[in-house]
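S.K.: Right, I'll just put the structure down here and ask away after.
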Amino acid sequence: SSFGYCTSTDVLIIDSTLPDITNIYPTALDIAYKQGTDQIIVRFTYTEMYPQTTTVSLYDSLGASLVSTTTTLPATPITGGTDLLASATLIFSGLSDGVCPVTVSILDMSGNLNTCTSPKSVIIDSTKATVTVISAIPQYAKSGTNIEVVFTYSEQNPNTATVAIGTAGTTYGSITNIVIGTSGTNVYVTTTVTLFNAGPDGTLAVTVYVGDKVGNVGTDSKDLILFDNNPPDIVNLYPIALNKAYRKGTDTLIVQFTYTEMTPRTCTVSILDNANSVVTETTTTDPSTFLPAGTNQNGSATLNFTDVANGTYTVRVMMEDGASSFGYCTSTDCLIIDNTLPTLEVYSGQDAVWYKAGTGTLTIYYTYTE
């Protein structure tokens, strides 16, 4: 009736509670955007006193596992406890574009297994946006001009856009970080870029960059703007004070001049009185025919006028270019209008004298006022 005992305390753990997994990142409200070859760090919170393995997986939209990583005891244990933070890094390559869920599974020592899924939490996007520059208005511009740029893009995960105007080595104006949150095909965007004087006159390209939330950038560029920061230069005006034109009150005057301008738009030639009021003027609005672009071009205009009073007048040539810059050339006191006949009186200066035909000299005396 003797008894022997052997007791082992705390050797059996009864655990019927599933591991608790919460706060998974990414989520559908905090999406991770990745390229097809990339990596993602999945973070989560768990409560489990006796964890054995943790498996973190990335699935495609059809449910096929794309990549997973498993942490197994005892080599790389996760700590048991309450509301603990954990993470796993998933490295993948060659994945197709699409929306993917993430799952986290924890198996405890008793065999209890719990899986938490974060649906639609990862977007794989390896495709650049398709961008098309539509227009830039106005076509001709100078320093300070506001250019309205219209472009379209096709992108399912758009983020921001940048519009730059300039040449290969110089930016004349730009606007960055344009928020474009609308996804879709051929989405229209209109924005305004202000130019500054950053380089010589010439053709400028409008370039649009559209970035998605992964960092892919699509672009398009078109030569749409002619930068013209110099006003028309007008010289060699005729008539001038040293080479006056004399006309009657109802007459015609042909004004001649030389100009240099790459984008001529209009040219107005005027006759002004002493109060700088317009007596008559004519405007040319057809650059292709009458105002060819170029250096040292010859221009002319015909002014018809009627009933202009006697006096000295000024001739002015004003030219506007495509960028709305104006050039002037004015010649003062260069046109004389004279409607008065000379007053003339003829007398011999002596009494009547007889002359033999074919011989002798006759002196004629006269006076005039003019």
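In the structure tokens, chains take the letters A, B, ... in the order shown, each chain's residues start at 1, and ligands count up from 1 in the order shown.
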May I have all residues of segment 86-319 of chain A that DSSP, computed from the backbone, assigns to strand (DSSP E or B), given as a tab-separated table (two decimals) with C-alpha atoms, in the first residue's frame?
M.R.:
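Result file follows (states-v4.tsv):
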chain	number	residue	atom	x	y	z
A	86	ALA	CA	4.45	42.44	-36.88
A	87	SER	CA	5.43	42.77	-40.53
A	88	ALA	CA	6.56	40.72	-43.50
A	89	THR	CA	8.25	41.72	-46.74
A	90	LEU	CA	6.88	40.25	-49.96
A	91	ILE	CA	9.19	40.40	-52.98
A	92	PHE	CA	7.67	39.68	-56.40
A	98	GLY	CA	-4.64	44.21	-61.47
A	99	VAL	CA	-6.17	44.50	-58.01
A	100	CYS	CA	-4.87	42.03	-55.43
A	101	PRO	CA	-5.79	41.06	-51.84
A	102	VAL	CA	-3.37	40.38	-48.98
A	103	THR	CA	-3.89	37.65	-46.38
A	104	VAL	CA	-2.26	37.06	-43.01
A	105	SER	CA	-2.58	33.60	-41.37
A	106	ILE	CA	-1.42	32.65	-37.88
A	107	LEU	CA	-1.31	29.03	-36.62
A	108	ASP	CA	-0.89	28.57	-32.89
A	113	LEU	CA	-5.61	28.73	-37.41
A	114	ASN	CA	-6.98	32.13	-38.24
A	115	THR	CA	-6.70	34.03	-41.54
A	116	CYS	CA	-7.45	37.70	-42.06
A	117	THR	CA	-7.88	39.04	-45.58
A	118	SER	CA	-7.46	42.62	-46.73
A	119	PRO	CA	-9.30	42.68	-50.10
A	120	LYS	CA	-8.48	45.05	-52.95
A	121	SER	CA	-5.55	46.42	-51.01
A	122	VAL	CA	-2.73	46.15	-53.55
A	123	ILE	CA	-2.87	47.51	-57.10
A	124	ILE	CA	-0.28	46.28	-59.54
A	130	THR	CA	-1.29	57.56	-72.42
A	131	VAL	CA	-1.04	61.34	-72.86
A	132	THR	CA	-2.06	63.56	-75.79
A	133	VAL	CA	-1.44	67.30	-76.00
A	134	ILE	CA	-4.51	68.79	-77.68
A	135	SER	CA	-3.95	72.55	-77.90
A	136	ALA	CA	-2.15	75.61	-76.55
A	137	ILE	CA	-3.75	79.07	-76.86
A	140	TYR	CA	1.96	83.40	-80.37
A	141	ALA	CA	3.30	84.42	-76.99
A	146	ASN	CA	-0.86	83.06	-70.05
A	147	ILE	CA	-1.06	79.90	-72.15
A	148	GLU	CA	-4.16	77.72	-71.84
A	149	VAL	CA	-3.07	74.12	-72.38
A	150	VAL	CA	-5.55	71.30	-73.02
A	151	PHE	CA	-4.49	67.65	-72.87
A	152	THR	CA	-6.01	64.21	-72.37
A	153	TYR	CA	-4.78	61.16	-70.52
A	154	SER	CA	-5.83	57.55	-70.15
A	155	GLU	CA	-4.88	56.06	-66.76
A	158	PRO	CA	-3.73	58.85	-62.00
A	159	ASN	CA	-1.85	60.97	-59.50
A	160	THR	CA	-0.37	64.27	-60.74
A	161	ALA	CA	0.55	66.03	-63.97
A	162	THR	CA	3.21	68.54	-64.98
A	163	VAL	CA	3.00	70.92	-67.96
A	164	ALA	CA	6.22	72.52	-69.22
A	165	ILE	CA	6.70	74.91	-72.13
A	166	GLY	CA	10.12	75.51	-73.62
A	171	THR	CA	11.97	76.06	-69.63
A	172	TYR	CA	9.96	79.21	-70.38
A	173	GLY	CA	7.11	78.33	-68.03
A	174	SER	CA	5.68	75.34	-66.16
A	175	ILE	CA	3.11	74.19	-63.64
A	176	THR	CA	3.70	71.12	-61.49
A	177	ASN	CA	1.76	68.81	-59.20
A	178	ILE	CA	-1.57	69.22	-60.97
A	179	VAL	CA	-3.85	66.84	-59.09
A	184	GLY	CA	-10.56	56.65	-67.15
A	185	THR	CA	-9.89	56.95	-70.86
A	186	ASN	CA	-9.29	60.25	-72.69
A	187	VAL	CA	-9.90	62.38	-69.61
A	188	TYR	CA	-9.66	66.08	-70.54
A	189	VAL	CA	-7.62	68.52	-68.47
A	190	THR	CA	-7.28	72.29	-68.97
A	191	THR	CA	-4.64	74.30	-67.17
A	192	THR	CA	-2.85	77.65	-67.53
A	193	VAL	CA	0.91	78.22	-67.74
A	194	THR	CA	2.46	81.70	-67.51
A	202	GLY	CA	11.53	80.79	-81.49
A	203	THR	CA	9.31	77.72	-81.46
A	204	LEU	CA	8.42	76.26	-78.06
A	205	ALA	CA	7.18	72.76	-77.28
A	206	VAL	CA	4.31	72.02	-74.91
A	207	THR	CA	5.21	68.90	-72.93
A	208	VAL	CA	2.82	67.14	-70.54
A	209	TYR	CA	3.90	64.51	-68.00
A	210	VAL	CA	1.26	62.38	-66.26
A	211	GLY	CA	2.35	60.24	-63.32
A	212	ASP	CA	0.34	57.46	-61.76
A	217	VAL	CA	5.12	58.55	-66.11
A	218	GLY	CA	3.54	58.96	-69.54
A	219	THR	CA	4.32	61.98	-71.70
A	220	ASP	CA	3.53	63.79	-74.92
A	221	SER	CA	5.09	66.86	-76.51
A	222	LYS	CA	4.12	69.08	-79.44
A	223	ASP	CA	5.64	72.24	-80.95
A	224	LEU	CA	2.67	74.59	-80.62
A	225	ILE	CA	3.89	78.03	-79.55
A	226	LEU	CA	5.98	80.70	-81.25
A	227	PHE	CA	7.69	82.80	-78.58
A	233	ASP	CA	11.22	97.07	-85.66
A	234	ILE	CA	10.27	99.73	-88.27
A	235	VAL	CA	12.86	101.95	-90.01
A	236	ASN	CA	13.51	103.87	-93.24
A	237	LEU	CA	10.14	105.58	-93.25
A	238	TYR	CA	9.22	107.78	-96.22
A	240	ILE	CA	10.55	112.21	-93.54
A	243	ASN	CA	12.53	114.43	-97.65
A	245	ALA	CA	6.06	114.87	-99.49
A	246	TYR	CA	3.92	117.70	-100.92
A	247	ARG	CA	0.28	117.00	-101.66
A	251	ASP	CA	-4.74	113.46	-103.04
A	252	THR	CA	-2.89	110.17	-102.51
A	253	LEU	CA	0.24	109.42	-100.50
A	254	ILE	CA	2.28	106.23	-100.73
A	255	VAL	CA	4.12	105.58	-97.46
A	256	GLN	CA	7.15	103.32	-97.61
A	257	PHE	CA	9.07	101.67	-94.78
A	258	THR	CA	11.28	98.71	-93.80
A	259	TYR	CA	10.47	96.31	-90.95
A	260	THR	CA	11.79	93.26	-89.14
A	261	GLU	CA	9.23	90.96	-87.55
A	264	PRO	CA	3.40	90.17	-88.17
A	265	ARG	CA	-0.34	90.44	-87.59
A	266	THR	CA	-1.51	93.95	-88.56
A	267	CYS	CA	-0.02	97.19	-89.80
A	268	THR	CA	-1.73	100.57	-89.53
A	269	VAL	CA	-0.39	103.61	-91.42
A	270	SER	CA	-1.81	106.99	-90.38
A	271	ILE	CA	-1.61	110.69	-91.17
A	272	LEU	CA	-1.83	112.79	-88.01
A	278	VAL	CA	-5.98	110.88	-87.17
A	279	VAL	CA	-6.65	112.55	-90.51
A	280	THR	CA	-6.76	109.28	-92.40
A	281	GLU	CA	-5.34	105.78	-91.97
A	282	THR	CA	-5.34	102.33	-93.48
A	283	THR	CA	-4.84	98.96	-91.81
A	284	THR	CA	-3.41	95.81	-93.34
A	294	GLY	CA	11.34	88.26	-92.03
A	295	THR	CA	14.22	90.67	-91.61
A	296	ASN	CA	14.42	94.02	-93.43
A	297	GLN	CA	11.18	93.47	-95.30
A	298	ASN	CA	9.86	96.30	-97.48
A	299	GLY	CA	6.37	97.53	-96.73
A	300	SER	CA	4.12	100.20	-98.18
A	301	ALA	CA	0.64	101.60	-97.80
A	302	THR	CA	-1.46	103.91	-99.97
A	303	LEU	CA	-3.39	106.64	-98.17
A	304	ASN	CA	-6.24	108.41	-99.96
A	305	PHE	CA	-7.58	111.59	-98.42
A	311	GLY	CA	-0.55	122.53	-93.01
A	312	THR	CA	2.25	120.26	-91.92
A	313	TYR	CA	1.37	116.68	-91.00
A	314	THR	CA	2.93	113.61	-89.37
A	315	VAL	CA	3.04	110.06	-90.76
A	316	ARG	CA	2.98	107.11	-88.35
A	317	VAL	CA	3.43	103.38	-88.98
A	318	MET	CA	2.22	101.02	-86.22
A	319	MET	CA	2.71	97.24	-86.50
S.K.: Excluding segment 3-17 of chain A and any residue of its chain fewer than 4 positions from it, enumerate the residues within 9 Å of it, using only C-alpha atoms, and give them as a PDB file with all heavy atoms, in the first residue's frame.
M.R.:
ATOM      1  N   GLU A  48      -1.953  36.645 -29.727  1.00  0.00           N
ATOM      2  CA  GLU A  48      -1.829  35.179 -29.634  1.00  0.00           C
ATOM      3  C   GLU A  48      -0.706  34.862 -28.653  1.00  0.00           C
ATOM      4  O   GLU A  48       0.419  35.340 -28.826  1.00  0.00           O
ATOM      5  CB  GLU A  48      -1.551  34.554 -30.992  1.00  0.00           C
ATOM      6  CG  GLU A  48      -1.233  33.075 -30.968  1.00  0.00           C
ATOM      7  CD  GLU A  48      -2.324  32.265 -30.287  1.00  0.00           C
ATOM      8  OE1 GLU A  48      -3.528  32.435 -30.632  1.00  0.00           O
ATOM      9  OE2 GLU A  48      -1.986  31.474 -29.384  1.00  0.00           O
ATOM     10  N   TYR A  50       0.495  31.829 -27.944  1.00  0.00           N
ATOM     11  CA  TYR A  50       1.344  30.698 -28.300  1.00  0.00           C
ATOM     12  C   TYR A  50       1.408  30.554 -29.828  1.00  0.00           C
ATOM     13  O   TYR A  50       0.940  29.565 -30.398  1.00  0.00           O
ATOM     14  CB  TYR A  50       0.802  29.400 -27.670  1.00  0.00           C
ATOM     15  CG  TYR A  50       0.514  29.569 -26.199  1.00  0.00           C
ATOM     16  CD1 TYR A  50      -0.801  29.683 -25.745  1.00  0.00           C
ATOM     17  CD2 TYR A  50       1.561  29.626 -25.289  1.00  0.00           C
ATOM     18  CE1 TYR A  50      -1.066  29.847 -24.393  1.00  0.00           C
ATOM     19  CE2 TYR A  50       1.294  29.797 -23.926  1.00  0.00           C
ATOM     20  CZ  TYR A  50      -0.005  29.918 -23.495  1.00  0.00           C
ATOM     21  OH  TYR A  50      -0.255  30.087 -22.161  1.00  0.00           O
ATOM     22  N   ASP A 108      -1.481  28.647 -34.227  1.00  0.00           N
ATOM     23  CA  ASP A 108      -0.887  28.567 -32.887  1.00  0.00           C
ATOM     24  C   ASP A 108      -0.475  27.130 -32.570  1.00  0.00           C
ATOM     25  O   ASP A 108      -0.665  26.213 -33.373  1.00  0.00           O
ATOM     26  CB  ASP A 108      -1.817  29.162 -31.832  1.00  0.00           C
ATOM     27  CG  ASP A 108      -3.096  28.350 -31.622  1.00  0.00           C
ATOM     28  OD1 ASP A 108      -3.168  27.195 -32.081  1.00  0.00           O
ATOM     29  OD2 ASP A 108      -4.036  28.905 -31.004  1.00  0.00           O
ATOM     30  N   MET A 109       0.101  26.932 -31.373  1.00  0.00           N
ATOM     31  CA  MET A 109       0.645  25.631 -30.979  1.00  0.00           C
ATOM     32  C   MET A 109      -0.428  24.564 -30.813  1.00  0.00           C
ATOM     33  O   MET A 109      -0.146  23.358 -30.896  1.00  0.00           O
ATOM     34  CB  MET A 109       1.411  25.778 -29.653  1.00  0.00           C
ATOM     35  CG  MET A 109       2.636  26.666 -29.758  1.00  0.00           C
ATOM     36  SD  MET A 109       3.895  25.934 -30.813  1.00  0.00           S
ATOM     37  CE  MET A 109       5.256  27.057 -30.450  1.00  0.00           C
ATOM     38  N   SER A 110      -1.652  25.004 -30.589  1.00  0.00           N
ATOM     39  CA  SER A 110      -2.746  24.043 -30.415  1.00  0.00           C
ATOM     40  C   SER A 110      -3.397  23.675 -31.738  1.00  0.00           C
ATOM     41  O   SER A 110      -4.344  22.877 -31.762  1.00  0.00           O
ATOM     42  CB  SER A 110      -3.801  24.621 -29.462  1.00  0.00           C
ATOM     43  OG  SER A 110      -3.255  24.864 -28.187  1.00  0.00           O
ATOM     44  N   GLY A 111      -2.940  24.287 -32.811  1.00  0.00           N
ATOM     45  CA  GLY A 111      -3.520  23.985 -34.109  1.00  0.00           C
ATOM     46  C   GLY A 111      -4.636  24.916 -34.517  1.00  0.00           C
ATOM     47  O   GLY A 111      -5.281  24.710 -35.548  1.00  0.00           O
ATOM     48  N   ASN A 112      -4.885  25.923 -33.704  1.00  0.00           N
ATOM     49  CA  ASN A 112      -5.889  26.915 -34.079  1.00  0.00           C
ATOM     50  C   ASN A 112      -5.313  27.798 -35.195  1.00  0.00           C
ATOM     51  O   ASN A 112      -4.196  28.325 -35.065  1.00  0.00           O
ATOM     52  CB  ASN A 112      -6.265  27.786 -32.886  1.00  0.00           C
ATOM     53  CG  ASN A 112      -6.850  26.978 -31.753  1.00  0.00           C
ATOM     54  OD1 ASN A 112      -7.833  26.265 -31.937  1.00  0.00           O
ATOM     55  ND2 ASN A 112      -6.233  27.075 -30.576  1.00  0.00           N
TER      56      ASN A 112
END
S.K.: Taking the backbone alone, and naming residues the way the document does, which bits of segment 84-329 of chain A are alpha helix (DSSP H) by DSSP, as a ChimeraX atom specification?
M.R.: /A:287-290
S.K.: Name the closest residue to Ala168 of chain A among the candidates A:Asp60, A:Gly36, A:Thr182, A:Gly199; distances are taken between atoms, counting only C-alpha atoms.
M.R.: A:Gly199
S.K.: Just checking: using only C-alpha atoms, which residue out of A:Ala32, A:Gly63, A:Tyr25, A:Gly81 ends up closest to Thr47 of chain A?
M.R.: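 Nearest to Thr47 of chain A: A:Gly81.
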S.K.: Excluding Val346 of chain A and residues on its chain fewer than 3 positions from it, collect all residues at most 7 Å away from it, counting only C-alpha atoms, and give them as a list in words.
M.R.: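 After dropping sequence-adjacent residues, the list is Tyr365, Tyr366 and Thr367 of chain A.
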S.K.: Could you give me, as a PyMOL selection string, the residues within 7 Å of Lys244 of chain A, counting only C-alpha atoms and dropping anything in the same chain fewer than 4 positions from it?
M.R.: chain A and resi 239-240+334-335
S.K.: Which is closest to Val67 of chain A among A:Thr45, A:Thr22, A:Gln39, A:Asn197, if we use only C-alpha atoms?
M.R.: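 Nearest to Val67 of chain A: A:Gln39.
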